[in-house]
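Just upload.txt here, compact mmCIF, C-alpha atoms and all ligand atoms:
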# COMPACT_ATOMS: atom_id res chain seq x y z
CA MET A 27 51.25 -8.06 -33.10
CA LYS A 28 54.20 -10.27 -32.31
CA ASN A 29 54.55 -11.29 -28.67
CA LYS A 30 57.80 -9.33 -28.54
CA THR A 31 56.06 -6.14 -29.65
CA LEU A 32 53.32 -6.69 -27.09
CA LEU A 33 55.91 -7.18 -24.36
CA ASN A 34 57.65 -3.98 -25.46
CA VAL A 35 54.36 -2.09 -25.25
CA LEU A 36 53.67 -3.42 -21.76
CA ILE A 37 57.16 -2.42 -20.64
CA ALA A 38 56.60 1.02 -22.20
CA ILE A 39 53.34 1.44 -20.25
CA LEU A 40 55.05 0.44 -16.97
CA LEU A 41 57.94 2.83 -17.59
CA ALA A 42 55.46 5.56 -18.50
CA VAL A 43 53.52 5.06 -15.25
CA VAL A 44 56.73 5.38 -13.23
CA ALA A 45 58.00 8.31 -15.28
CA GLY A 46 54.63 10.09 -15.37
CA LEU A 47 53.94 9.82 -11.65
CA THR A 48 57.46 10.86 -10.60
CA THR A 49 57.53 13.85 -12.94
CA GLY A 50 56.02 17.14 -11.85
CA PRO A 51 55.29 20.01 -14.26
CA GLU A 52 58.60 21.62 -13.22
CA THR A 53 60.92 18.59 -13.47
CA ALA A 54 63.45 19.36 -16.19
CA LEU A 55 66.33 17.74 -18.04
CA PHE A 56 69.01 20.18 -19.26
CA GLY A 57 66.51 22.96 -18.71
CA VAL A 58 63.75 21.33 -20.80
CA PRO A 59 60.66 20.27 -18.80
CA LEU A 60 60.31 16.47 -19.04
CA ILE A 61 56.60 16.81 -19.60
CA LYS A 62 57.36 18.62 -22.86
CA ILE A 63 59.68 15.83 -23.98
CA TYR A 64 57.00 13.22 -23.28
CA GLY A 65 54.52 15.41 -25.15
CA LEU A 66 56.80 15.72 -28.18
CA ILE A 67 57.38 11.96 -28.40
CA GLY A 68 53.66 11.29 -28.10
CA GLN A 69 52.70 13.99 -30.59
CA LEU A 70 55.13 12.67 -33.21
CA PHE A 71 53.55 9.25 -32.96
CA LEU A 72 50.05 10.71 -33.08
CA ASN A 73 50.97 12.79 -36.14
CA ALA A 74 52.36 9.74 -37.93
CA LEU A 75 49.13 7.83 -37.31
CA SER A 76 46.90 10.73 -38.31
CA LEU A 77 49.00 11.19 -41.43
CA VAL A 78 47.89 7.87 -42.88
CA VAL A 79 44.22 8.11 -41.91
CA VAL A 80 42.82 10.23 -44.76
CA PRO A 81 44.45 8.40 -47.72
CA LEU A 82 43.88 5.05 -46.04
CA VAL A 83 40.18 5.66 -45.40
CA ALA A 84 39.59 7.07 -48.88
CA ALA A 85 41.44 4.20 -50.60
CA SER A 86 39.87 1.53 -48.42
CA ILE A 87 36.31 2.75 -49.00
CA ILE A 88 36.79 3.45 -52.72
CA THR A 89 38.20 -0.02 -53.41
CA GLY A 90 35.59 -1.70 -51.21
CA MET A 91 32.71 0.19 -52.86
CA ALA A 92 34.01 -0.36 -56.39
CA ARG A 93 33.97 -4.08 -55.74
CA MET A 94 30.48 -4.09 -54.36
CA GLY A 95 29.09 -1.69 -56.96
CA THR A 96 27.16 -4.53 -58.51
CA ASP A 97 26.12 -5.94 -55.15
CA GLN A 98 22.36 -5.46 -54.69
CA SER A 99 22.50 -6.20 -50.96
CA PHE A 100 24.41 -3.02 -50.12
CA GLY A 101 21.37 -1.15 -48.74
CA LEU A 102 20.74 -4.02 -46.38
CA LEU A 103 24.34 -3.90 -45.19
CA GLY A 104 23.91 -0.23 -44.29
CA LEU A 105 20.70 -0.98 -42.43
CA LYS A 106 22.27 -3.81 -40.41
CA THR A 107 25.28 -1.64 -39.64
CA PHE A 108 23.22 1.25 -38.28
CA GLY A 109 20.99 -1.21 -36.43
CA TYR A 110 24.00 -2.58 -34.54
CA PHE A 111 25.52 0.89 -34.02
CA ILE A 112 22.33 2.13 -32.38
CA LEU A 113 21.77 -1.08 -30.41
CA THR A 114 25.28 -1.14 -28.92
CA SER A 115 25.29 2.61 -28.17
CA LEU A 116 21.93 2.34 -26.43
CA ILE A 117 23.15 -0.60 -24.35
CA ALA A 118 26.24 1.42 -23.36
CA ILE A 119 24.17 4.49 -22.45
CA CYS A 120 21.74 2.41 -20.36
CA VAL A 121 24.64 0.83 -18.45
CA GLY A 122 26.01 4.32 -17.73
CA LEU A 123 22.60 5.61 -16.73
CA GLY A 124 21.89 2.66 -14.43
CA LEU A 125 25.23 2.91 -12.66
CA ALA A 126 25.13 6.70 -12.32
CA LEU A 127 21.67 6.49 -10.73
CA PHE A 128 22.46 3.50 -8.56
CA LEU A 129 25.92 4.52 -7.33
CA ALA A 130 25.14 8.26 -7.44
CA PRO A 131 28.84 9.24 -7.44
CA GLY A 132 28.00 12.97 -7.41
CA THR A 133 26.22 12.78 -4.06
CA LEU A 134 29.25 11.59 -2.12
CA GLY A 135 31.15 14.87 -1.92
CA THR A 136 30.05 18.38 -1.05
CA LEU A 137 27.04 19.49 -3.04
CA ILE A 138 26.80 22.79 -4.87
CA PRO A 139 23.14 23.44 -4.15
CA GLN A 140 22.26 26.63 -6.00
CA LEU A 141 20.26 24.84 -8.66
CA ASP A 142 17.94 22.91 -6.35
CA SER A 143 14.84 24.73 -7.44
CA MET A 144 15.52 24.47 -11.16
CA ARG A 145 12.58 23.21 -13.20
CA LEU A 146 13.97 21.25 -16.07
CA ASN A 147 10.69 21.14 -18.02
CA GLU A 148 11.12 24.81 -18.76
CA VAL A 149 14.15 24.19 -20.92
CA ALA A 150 12.29 22.14 -23.56
CA PRO A 151 12.20 24.90 -26.23
CA MET A 152 15.93 25.34 -25.82
CA LEU A 153 16.38 21.63 -26.36
CA GLN A 154 14.56 21.78 -29.66
CA SER A 155 16.76 24.49 -31.12
CA ASP A 156 19.91 22.86 -29.81
CA ALA A 157 18.87 19.47 -31.09
CA PHE A 158 18.13 20.92 -34.50
CA SER A 159 21.44 22.73 -34.77
CA LYS A 160 23.22 19.54 -33.71
CA VAL A 161 21.47 17.53 -36.43
CA GLU A 162 22.09 20.37 -38.89
CA GLN A 163 25.82 20.29 -38.16
CA ILE A 164 25.99 16.54 -38.76
CA VAL A 165 23.99 16.71 -42.00
CA LEU A 166 26.08 19.61 -43.34
CA LYS A 167 29.27 17.66 -42.67
CA LEU A 168 27.95 14.82 -44.83
CA ILE A 169 28.06 16.97 -47.96
CA PRO A 170 30.98 19.39 -47.68
CA SER A 171 31.33 22.01 -50.38
CA ASN A 172 34.96 21.07 -51.03
CA ILE A 173 36.16 17.50 -50.60
CA LEU A 174 39.84 18.46 -50.45
CA ALA A 175 39.16 21.02 -47.73
CA ALA A 176 37.12 18.43 -45.78
CA ALA A 177 39.93 15.87 -46.15
CA SER A 178 42.58 18.36 -45.09
CA GLN A 179 40.58 19.18 -41.96
CA GLY A 180 40.11 15.49 -41.19
CA GLN A 181 36.30 15.75 -41.56
CA MET A 182 35.64 12.07 -41.93
CA LEU A 183 31.88 12.05 -42.57
CA GLY A 184 32.15 14.01 -45.83
CA LEU A 185 35.18 12.04 -46.92
CA ILE A 186 33.44 8.73 -46.23
CA LEU A 187 30.31 9.65 -48.18
CA PHE A 188 32.28 11.07 -51.11
CA SER A 189 34.55 8.00 -51.25
CA MET A 190 31.51 5.71 -51.21
CA VAL A 191 29.92 7.53 -54.14
CA PHE A 192 33.25 7.73 -56.00
CA GLY A 193 33.92 4.00 -55.51
CA TYR A 194 30.38 3.05 -56.49
CA PHE A 195 30.63 4.90 -59.80
CA ILE A 196 33.95 3.26 -60.65
CA SER A 197 31.94 0.08 -61.10
CA LYS A 198 29.60 1.93 -63.48
CA THR A 199 32.39 3.36 -65.68
CA ASP A 200 33.66 1.70 -68.87
CA ALA A 201 35.94 -1.26 -68.20
CA HIS A 202 39.27 0.27 -69.23
CA ALA A 203 38.86 3.52 -67.29
CA ALA A 204 37.49 1.60 -64.30
CA SER A 205 40.46 -0.76 -64.16
CA VAL A 206 42.96 2.14 -64.34
CA VAL A 207 41.26 4.09 -61.53
CA LEU A 208 40.68 1.00 -59.41
CA GLY A 209 44.30 -0.09 -59.94
CA PHE A 210 45.47 3.30 -58.69
CA TRP A 211 43.35 3.23 -55.54
CA THR A 212 44.21 -0.43 -54.83
CA GLY A 213 47.88 0.59 -55.00
CA VAL A 214 47.28 3.53 -52.64
CA PHE A 215 45.50 1.20 -50.21
CA GLN A 216 48.33 -1.35 -50.20
CA ILE A 217 50.98 1.34 -49.79
CA MET A 218 49.12 2.96 -46.90
CA MET A 219 48.84 -0.40 -45.15
CA LYS A 220 52.63 -0.81 -45.47
CA ILE A 221 53.22 2.68 -44.08
CA THR A 222 50.96 1.73 -41.18
CA HIS A 223 53.20 -1.28 -40.48
CA LEU A 224 56.16 1.07 -40.41
CA VAL A 225 54.49 3.45 -37.96
CA MET A 226 53.61 0.52 -35.72
CA ILE A 227 57.30 -0.19 -35.17
CA ALA A 228 57.37 3.00 -33.12
CA LEU A 229 54.32 1.96 -31.08
CA PRO A 230 56.12 1.31 -27.74
CA ILE A 231 57.92 4.66 -27.92
CA GLY A 232 54.70 6.51 -28.80
CA VAL A 233 52.82 4.74 -26.00
CA PHE A 234 55.50 5.78 -23.52
CA GLY A 235 55.30 9.46 -24.51
CA LEU A 236 51.49 9.65 -24.48
CA VAL A 237 50.90 7.75 -21.24
CA ALA A 238 53.74 9.49 -19.37
CA LYS A 239 52.45 12.90 -20.38
CA ALA A 240 48.87 12.07 -19.40
CA LEU A 241 49.98 10.88 -15.95
CA ALA A 242 52.43 13.72 -15.40
CA THR A 243 49.67 16.21 -16.22
CA THR A 244 46.95 14.56 -14.17
CA GLY A 245 48.84 13.29 -11.13
CA ILE A 246 47.47 10.78 -8.66
CA ASP A 247 46.10 13.28 -6.06
CA THR A 248 43.64 14.95 -8.36
CA ILE A 249 42.36 11.57 -9.39
CA ALA A 250 41.55 10.74 -5.77
CA SER A 251 39.11 13.65 -5.45
CA VAL A 252 36.85 12.38 -8.19
CA ALA A 253 37.62 8.74 -7.55
CA TRP A 254 33.96 7.72 -7.38
CA PHE A 255 33.18 9.22 -10.72
CA PHE A 256 36.30 7.60 -12.14
CA GLY A 257 35.31 4.24 -10.64
CA THR A 258 31.73 4.46 -11.90
CA VAL A 259 32.85 5.12 -15.48
CA LEU A 260 35.43 2.34 -15.35
CA LEU A 261 32.90 -0.10 -13.93
CA GLY A 262 30.41 0.84 -16.66
CA LEU A 263 32.99 0.44 -19.41
CA ALA A 264 34.01 -2.92 -17.95
CA ILE A 265 30.42 -4.21 -17.76
CA TYR A 266 29.80 -3.11 -21.33
CA ALA A 267 33.06 -4.28 -22.91
CA LEU A 268 33.84 -7.33 -20.78
CA VAL A 269 30.33 -8.73 -20.23
CA LEU A 270 27.67 -7.37 -22.61
CA LEU A 271 29.61 -7.11 -25.87
CA PRO A 272 31.11 -10.59 -25.36
CA LEU A 273 27.56 -11.92 -24.82
CA LEU A 274 26.52 -10.41 -28.17
CA LEU A 275 29.61 -11.89 -29.81
CA LYS A 276 29.02 -15.31 -28.32
CA PHE A 277 25.28 -15.67 -28.70
CA ILE A 278 24.47 -13.61 -31.77
CA ALA A 279 27.64 -13.95 -33.83
CA GLY A 280 28.77 -17.32 -32.41
CA VAL A 281 32.33 -16.00 -32.11
CA SER A 282 34.66 -16.63 -29.17
CA PRO A 283 35.06 -13.32 -27.28
CA ILE A 284 38.53 -14.31 -26.07
CA ALA A 285 39.69 -14.97 -29.62
CA HIS A 286 38.25 -11.61 -30.67
CA TYR A 287 40.04 -9.77 -27.85
CA ARG A 288 43.29 -11.37 -28.96
CA ALA A 289 42.65 -10.46 -32.56
CA MET A 290 42.00 -6.84 -31.60
CA LEU A 291 44.84 -6.44 -29.08
CA PRO A 292 47.14 -4.24 -31.20
CA ALA A 293 44.25 -1.87 -31.96
CA LEU A 294 43.18 -1.76 -28.31
CA VAL A 295 46.69 -0.91 -27.14
CA THR A 296 46.96 1.79 -29.81
CA ALA A 297 43.56 3.20 -28.82
CA PHE A 298 44.64 3.30 -25.17
CA SER A 299 47.80 5.21 -25.88
CA THR A 300 46.48 7.60 -28.55
CA SER A 301 43.02 8.31 -27.05
CA SER A 302 41.83 8.59 -30.62
CA SER A 303 39.80 6.03 -32.50
CA ALA A 304 40.43 7.97 -35.72
CA ALA A 305 44.19 7.71 -35.30
CA THR A 306 43.80 4.04 -34.38
CA LEU A 307 41.77 3.31 -37.52
CA PRO A 308 44.66 1.94 -39.64
CA VAL A 309 45.47 -0.60 -36.93
CA THR A 310 41.80 -1.41 -36.34
CA LEU A 311 41.34 -2.11 -40.06
CA GLU A 312 44.31 -4.42 -40.06
CA CYS A 313 43.20 -6.31 -36.95
CA VAL A 314 39.59 -6.74 -38.05
CA GLU A 315 40.57 -7.89 -41.54
CA LYS A 316 43.71 -9.91 -40.94
CA ASN A 317 43.27 -11.18 -37.40
CA ALA A 318 39.50 -11.39 -37.03
CA GLY A 319 38.92 -12.45 -40.64
CA VAL A 320 36.13 -10.01 -41.52
CA SER A 321 36.04 -9.30 -45.27
CA ASN A 322 37.37 -6.02 -46.68
CA ARG A 323 33.89 -5.40 -48.11
CA ILE A 324 32.45 -5.12 -44.60
CA SER A 325 35.35 -3.74 -42.59
CA SER A 326 36.16 -0.98 -45.08
CA PHE A 327 32.57 0.19 -44.80
CA ILE A 328 31.88 -0.23 -41.08
CA LEU A 329 35.15 0.74 -39.40
CA PRO A 330 35.72 4.22 -40.90
CA LEU A 331 32.03 4.96 -40.42
CA GLY A 332 32.06 3.63 -36.84
CA THR A 333 35.00 5.88 -36.01
CA SER A 334 32.79 8.86 -36.78
CA VAL A 335 29.38 7.76 -35.59
CA ASN A 336 29.68 4.82 -33.21
CA LEU A 337 31.60 5.87 -30.11
CA SER A 338 29.71 3.72 -27.63
CA GLY A 339 32.30 3.96 -24.82
CA SER A 340 32.17 7.73 -25.16
CA ALA A 341 28.37 7.66 -25.02
CA LEU A 342 28.55 5.78 -21.71
CA TYR A 343 31.06 8.30 -20.36
CA VAL A 344 28.99 11.31 -21.46
CA CYS A 345 25.89 9.90 -19.80
CA VAL A 346 27.67 9.27 -16.48
CA GLY A 347 29.42 12.65 -16.73
CA VAL A 348 26.19 14.61 -17.19
CA LEU A 349 24.43 12.79 -14.34
CA PHE A 350 27.47 13.17 -12.07
CA ILE A 351 27.64 16.93 -12.63
CA ALA A 352 23.87 17.26 -12.13
CA GLN A 353 24.16 15.32 -8.86
CA VAL A 354 27.03 17.51 -7.65
CA TYR A 355 24.84 20.56 -8.28
CA GLY A 356 22.06 18.90 -6.29
CA VAL A 357 19.80 18.40 -9.31
CA ASN A 358 17.86 15.16 -9.32
CA LEU A 359 17.17 14.19 -12.90
CA HIS A 360 14.26 11.81 -13.33
CA GLY A 361 11.51 10.72 -15.72
CA PRO A 362 11.41 12.74 -18.93
CA SER A 363 14.69 14.51 -18.12
CA LEU A 364 16.45 11.15 -18.06
CA ILE A 365 14.96 10.15 -21.40
CA LEU A 366 16.16 13.52 -22.67
CA VAL A 367 19.67 12.77 -21.45
CA VAL A 368 19.63 9.35 -23.15
CA LEU A 369 18.42 10.78 -26.47
CA MET A 370 20.84 13.68 -26.41
CA THR A 371 23.72 11.39 -25.53
CA LEU A 372 22.85 9.12 -28.44
CA MET A 373 22.55 12.06 -30.80
CA THR A 374 25.72 13.83 -29.74
CA SER A 375 27.67 10.56 -29.90
CA LEU A 376 26.78 10.47 -33.61
CA GLY A 377 28.57 13.75 -34.10
CA THR A 378 31.54 13.12 -31.79
CA ALA A 379 34.84 12.88 -33.64
CA GLY A 380 37.22 10.05 -32.77
CA ILE A 381 39.85 12.42 -31.41
CA PRO A 382 41.15 13.02 -27.87
CA SER A 383 38.70 14.71 -25.49
CA ALA A 384 35.97 15.09 -28.09
CA SER A 385 33.34 13.96 -25.57
CA MET A 386 33.95 17.04 -23.45
CA PHE A 387 32.09 19.06 -26.09
CA SER A 388 29.14 16.68 -25.97
CA ILE A 389 28.95 17.05 -22.20
CA VAL A 390 29.01 20.84 -22.46
CA VAL A 391 26.23 20.80 -25.09
CA ILE A 392 24.02 18.53 -22.97
CA LEU A 393 24.67 20.46 -19.76
CA SER A 394 23.68 23.76 -21.32
CA THR A 395 20.64 22.19 -22.96
CA LEU A 396 19.51 20.98 -19.55
CA GLY A 397 20.15 24.40 -18.07
CA LEU A 398 23.04 23.25 -15.91
CA PRO A 399 26.18 25.39 -15.76
CA ALA A 400 28.55 24.24 -18.49
CA ASP A 401 31.56 24.99 -16.31
CA GLY A 402 30.50 21.96 -14.25
CA ILE A 403 32.77 20.22 -16.73
CA GLY A 404 35.71 21.47 -14.64
CA LEU A 405 34.67 18.93 -11.99
CA ILE A 406 35.70 16.01 -14.15
CA MET A 407 38.63 17.63 -15.94
CA ALA A 408 41.15 16.00 -13.60
CA VAL A 409 40.33 12.50 -14.78
CA GLU A 410 39.30 13.36 -18.32
CA ARG A 411 42.56 12.36 -20.03
CA LEU A 412 42.85 9.06 -18.20
CA LEU A 413 39.24 8.09 -18.81
CA ASP A 414 39.66 9.09 -22.44
CA MET A 415 42.21 6.31 -22.82
CA PHE A 416 39.82 3.69 -21.47
CA ARG A 417 36.73 4.84 -23.35
CA THR A 418 38.64 5.00 -26.63
CA VAL A 419 39.61 1.34 -26.17
CA VAL A 420 35.93 0.56 -25.68
CA ASN A 421 34.94 2.66 -28.72
CA VAL A 422 37.32 0.71 -30.93
CA PHE A 423 36.33 -2.63 -29.46
CA GLY A 424 32.59 -1.81 -29.77
CA THR A 425 32.89 -0.94 -33.45
CA SER A 426 34.96 -4.04 -34.14
CA CYS A 427 32.20 -6.13 -32.53
CA CYS A 428 29.65 -4.45 -34.80
CA ALA A 429 31.83 -5.42 -37.78
CA VAL A 430 31.85 -9.05 -36.64
CA LEU A 431 28.10 -9.06 -35.94
CA VAL A 432 27.29 -7.58 -39.34
CA ALA A 433 29.74 -9.95 -41.08
CA ARG A 434 27.97 -12.87 -39.46
CA ALA A 435 24.58 -11.47 -40.43
CA GLU A 436 25.91 -11.25 -44.00
CA GLY A 437 26.77 -14.94 -43.87
CA GLU A 438 30.57 -14.70 -43.48
CA SER A 439 31.85 -17.81 -41.75
CA GLU A 440 35.63 -17.31 -41.56
CA ILE A 441 35.59 -14.97 -38.58
CA VAL A 442 38.12 -15.29 -35.77
CA ILE A 443 39.23 -18.71 -36.84
CA HIS A 444 42.86 -18.14 -35.94
CA PRO A 445 43.76 -19.42 -32.47
CA GLU A 446 46.57 -16.82 -32.42
CA PRO A 447 46.40 -13.35 -33.94
CA VAL A 448 48.25 -13.17 -37.22
CA ALA A 449 51.60 -11.54 -36.55
CA SER A 450 51.99 -8.08 -38.03
CA GLU A 451 55.39 -7.24 -39.38
N1 LIG B 501 38.82 10.02 -27.59
C1 LIG B 501 37.61 9.37 -28.02
C2 LIG B 501 37.89 8.60 -29.29
O1 LIG B 501 38.68 8.99 -30.08
C3 LIG B 501 36.49 10.33 -28.23
C4 LIG B 501 36.08 10.92 -26.90
O2 LIG B 501 35.30 10.27 -26.19
O3 LIG B 501 36.56 11.99 -26.53
O4 LIG B 501 37.30 7.58 -29.51
With the file now loaded, output its structure as structure tokens.
Ligand code: ASP
Amino acid sequence: MKNKTLLNVLIAILLAVVAGLTTGPETALFGVPLIKIYGLIGQLFLNALSLVVVPLVAASIITGMARMGTDQSFGLLGLKTFGYFILTSLIAICVGLGLALFLAPGTLGTLIPQLDSMRLNEVAPMLQSDAFSKVEQIVLKLIPSNILAAASQGQMLGLILFSMVFGYFISKTDAHAASVVLGFWTGVFQIMMKITHLVMIALPIGVFGLVAKALATTGIDTIASVAWFFGTVLLGLAIYALVLLPLLLKFIAGVSPIAHYRAMLPALVTAFSTSSSAATLPVTLECVEKNAGVSNRISSFILPLGTSVNLSGSALYVCVGVLFIAQVYGVNLHGPSLILVVLMTLMTSLGTAGIPSASMFSIVVILSTLGLPADGIGLIMAVERLLDMFRTVVNVFGTSCCAVLVARAEGESEIVIHPEPVASE
């Protein structure tokens, strides 16, 4: 991202804060509510980003897999990737758990005590069925019955697996056919990257629309009422993304965290304004490959996959959210119930899509599994959209760190060597 573009984005965010906070739901221009205009601008930008995701992901994985079809070490790459996904998600969840227990944000306001006597052990059978159906849903998404239907509904897991298999078998086809098919998909990949550049020109305008709408909808007063919850999540995200992930980068990958932040800046800004790691994926791919210097072989495998199964910032948020709601209802979770929360958070984060507000569904699932009223979710609704922006940034950053860690483990040495991020056009 050129400095000028970055400056434009910062100006857009400032303007959006002013516009969002001074606009009420009724404020109108020529009879059209301003909030709708912000929404339209934001939605157009979001659509343009989502538009490129499916062909970009398919082309990027197919070309990457075709090239590594002869590579025997692929299984190991998958193992390392999932190892880092689970490690970073668990770290994030533990940070959330520790803070929610220590700061106990749900005990500061008025309690809703009707569930005091609840015995959580009695819900174990319910957990089993819910856990099974959750796993079942994930597994079924891996092998959809119709790949075009899955792609048209943006179901990334099926698309990723199909593209991997498709790409792998290109390398096993006869040379002429393979070069034609690979040439086609390489062309699609390059064209989609160029379209992504084009969309990025509109980034400041899109950021303005999305941030202004989020603030105009939420307002500053409602935020104040759940300020402690808001603060706890932000603190957790900061500890995870500004302290723990950098430590992994520095001491395991031997990469400068500052240089990596700079490399990822365009993706982080896009994640913040779109609240969607899936929509941010084209920019993330570009940053990790061009700015951070991770090979296409690794980034085209890890990043699309991470967008579907490695939302570590969301996992932290879900964990704090569940504990906060339990605390507000006067339920003290401890011992096995806490382990249950950790496991369920990890599991649901595997199935959370990288789209706005997806974590709300995870919270509802966990609440009802624990026997807590699912409408407790209303307590955190006021700050949901704002926190979504922050946790999406962390999701994108977390997955990019996994890409760097795996690239290092695979012996790549050219990572984050640029003192300045490479300018995107
Ligand atoms: N908005 C998040 C993302 O796209 C998912 C969530 O936590 O709701 O990464």
If we count all atoms listed in the file and set the cut-off at 10 Å, which residues sit around A:Leu116, ignoring sequence neighbours fewer than 6 positions away in its own chain? Please answer as a PyMOL selection string. chain A and resi 110+122+338+341-342+368-369+371-372
Can you measure atom CA of A:Leu72 to atom CA of A:Leu229 for me? One decimal in Å is fine. 9.9 Å
Within 8 Å of ligand LIG 501 (chain B), which residues of chain A show up? Give each one with its shortest atom-to-atom distance in Å (one decimal) and the two atoms involved, counting all atoms listed in the file, rows by chain then rising residue number, as a Markdown table.
| residue | atom | partner | partner_atom | distance |
| --- | --- | --- | --- | --- |
| A:Ala297 | CA | B:LIG501 | O4 | 7.7 |
| A:Ser301 | CA | B:LIG501 | N1 | 4.6 |
| A:Ser302 | CA | B:LIG501 | O1 | 3.2 |
| A:Ser303 | CA | B:LIG501 | O1 | 4.0 |
| A:Ala304 | CA | B:LIG501 | O1 | 6.0 |
| A:Ala305 | CA | B:LIG501 | O1 | 7.7 |
| A:Thr333 | CA | B:LIG501 | O4 | 7.1 |
| A:Leu337 | CA | B:LIG501 | O4 | 6.0 |
| A:Gly339 | CA | B:LIG501 | O2 | 7.1 |
| A:Ser340 | CA | B:LIG501 | O2 | 4.2 |
| A:Ala341 | CA | B:LIG501 | O2 | 7.5 |
| A:Tyr343 | CA | B:LIG501 | O2 | 7.5 |
| A:Val344 | CA | B:LIG501 | O2 | 8.0 |
| A:Thr378 | CA | B:LIG501 | C3 | 6.7 |
| A:Ala379 | CA | B:LIG501 | C3 | 6.2 |
| A:Gly380 | CA | B:LIG501 | O1 | 3.2 |
| A:Ile381 | CA | B:LIG501 | O1 | 3.9 |
| A:Pro382 | CA | B:LIG501 | N1 | 3.8 |
| A:Ser383 | CA | B:LIG501 | O3 | 3.6 |
| A:Ala384 | CA | B:LIG501 | O3 | 3.5 |
| A:Ser385 | CA | B:LIG501 | O3 | 3.9 |
| A:Met386 | CA | B:LIG501 | O3 | 6.5 |
| A:Asp414 | CA | B:LIG501 | N1 | 5.3 |
| A:Met415 | CA | B:LIG501 | N1 | 6.9 |
| A:Arg417 | CA | B:LIG501 | O2 | 6.3 |
| A:Thr418 | CA | B:LIG501 | O4 | 4.1 |
| A:Val419 | CA | B:LIG501 | O4 | 7.4 |
| A:Asn421 | CA | B:LIG501 | O4 | 5.5 |
| A:Val422 | CA | B:LIG501 | O4 | 7.0 |
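Taking atom CA of A:Ala285 and atom CA of A:Thr114 as endpoints, the distance between them is 20.0 Å.
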Need to verify the contact set: stretch 173-180 of chain A, 10 Å, only C-alpha atoms, exclusion of same-chain residues closer than 2 positions in sequence. Can you return it as a ChimeraX atom specification? /A:76-77,79-81,84,167-171,182-186,188-189,304,379
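Relative to atom CA of A:Leu294, atom CA of A:Leu261 is found at 17.8 Å.
Distances from A:Val165, A:Ala201, A:Val43, A:Val35 to A:Lys239 were compared using all atoms listed in the file, and the smallest one belongs to A:Val43.
You can rank A:Ile406, A:Val206, A:Met370, A:Leu398 by their closest distance to A:Tyr355 using all atoms listed in the file, and at the top of that list sits A:Leu398.
Of the residues under consideration (A:Leu311, A:Ile112, A:Leu413, A:Val390), A:Leu413 shows the shortest atom-to-atom contact distance to A:Val259 when counting only C-alpha atoms.
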If we count all atoms listed in the file and set the cut-off at 10 Å, which residues sit around stretch 224-226 of chain A, ignoring sequence neighbours fewer than 3 positions away in its own chain? Please answer as an mmCIF file with C-alpha atoms, keeping the file's coordinate frame.
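Saved file result_22.cif follows:
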data_model
loop_
_atom_site.group_PDB
_atom_site.id
_atom_site.type_symbol
_atom_site.label_atom_id
_atom_site.label_comp_id
_atom_site.auth_asym_id
_atom_site.auth_seq_id
_atom_site.Cartn_x
_atom_site.Cartn_y
_atom_site.Cartn_z
ATOM 1 C CA MET A 27 51.250 -8.060 -33.100
ATOM 2 C CA THR A 31 56.060 -6.140 -29.650
ATOM 3 C CA PHE A 71 53.550 9.250 -32.960
ATOM 4 C CA LEU A 72 50.050 10.710 -33.080
ATOM 5 C CA ALA A 74 52.360 9.740 -37.930
ATOM 6 C CA LEU A 75 49.130 7.830 -37.310
ATOM 7 C CA VAL A 78 47.890 7.870 -42.880
ATOM 8 C CA MET A 218 49.120 2.960 -46.900
ATOM 9 C CA MET A 219 48.840 -0.400 -45.150
ATOM 10 C CA LYS A 220 52.630 -0.810 -45.470
ATOM 11 C CA ILE A 221 53.220 2.680 -44.080
ATOM 12 C CA LEU A 229 54.320 1.960 -31.080
ATOM 13 C CA PRO A 230 56.120 1.310 -27.740
ATOM 14 C CA ILE A 231 57.920 4.660 -27.920
ATOM 15 C CA GLY A 232 54.700 6.510 -28.800
ATOM 16 C CA PRO A 292 47.140 -4.240 -31.200
ATOM 17 C CA THR A 296 46.960 1.790 -29.810
ATOM 18 C CA PRO A 308 44.660 1.940 -39.640
ATOM 19 C CA VAL A 309 45.470 -0.600 -36.930
ATOM 20 C CA SER A 450 51.990 -8.080 -38.030
ATOM 21 C CA GLU A 451 55.390 -7.240 -39.380
#
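Using all atoms listed in the file, the nearest neighbour of A:Ser86 within the list A:Thr300, A:Ser321, A:Gln181, A:Thr258 is A:Ser321.
Nearest to A:Gly132 of all the residues A:Gly437, A:Gly109, A:Gly235, A:Gly356 is A:Gly356, based on all atoms listed in the file.
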May I have the residues at most 9 Å from (50.9, 12.2, -21.0) in the file's coordinates, counting all atoms listed in the file, as number ranges by chain? A: 42, 46, 61, 64-65, 68, 234-244, 411
Residues just named, written with C-alpha atoms as a CSV table (one decimal), in the coordinates of the input:
chain,number,residue,atom,x,y,z
A,42,ALA,CA,55.5,5.6,-18.5
A,46,GLY,CA,54.6,10.1,-15.4
A,61,ILE,CA,56.6,16.8,-19.6
A,64,TYR,CA,57.0,13.2,-23.3
A,65,GLY,CA,54.5,15.4,-25.2
A,68,GLY,CA,53.7,11.3,-28.1
A,234,PHE,CA,55.5,5.8,-23.5
A,235,GLY,CA,55.3,9.5,-24.5
A,236,LEU,CA,51.5,9.6,-24.5
A,237,VAL,CA,50.9,7.8,-21.2
A,238,ALA,CA,53.7,9.5,-19.4
A,239,LYS,CA,52.4,12.9,-20.4
A,240,ALA,CA,48.9,12.1,-19.4
A,241,LEU,CA,50.0,10.9,-16.0
A,242,ALA,CA,52.4,13.7,-15.4
A,243,THR,CA,49.7,16.2,-16.2
A,244,THR,CA,47.0,14.6,-14.2
A,411,ARG,CA,42.6,12.4,-20.0
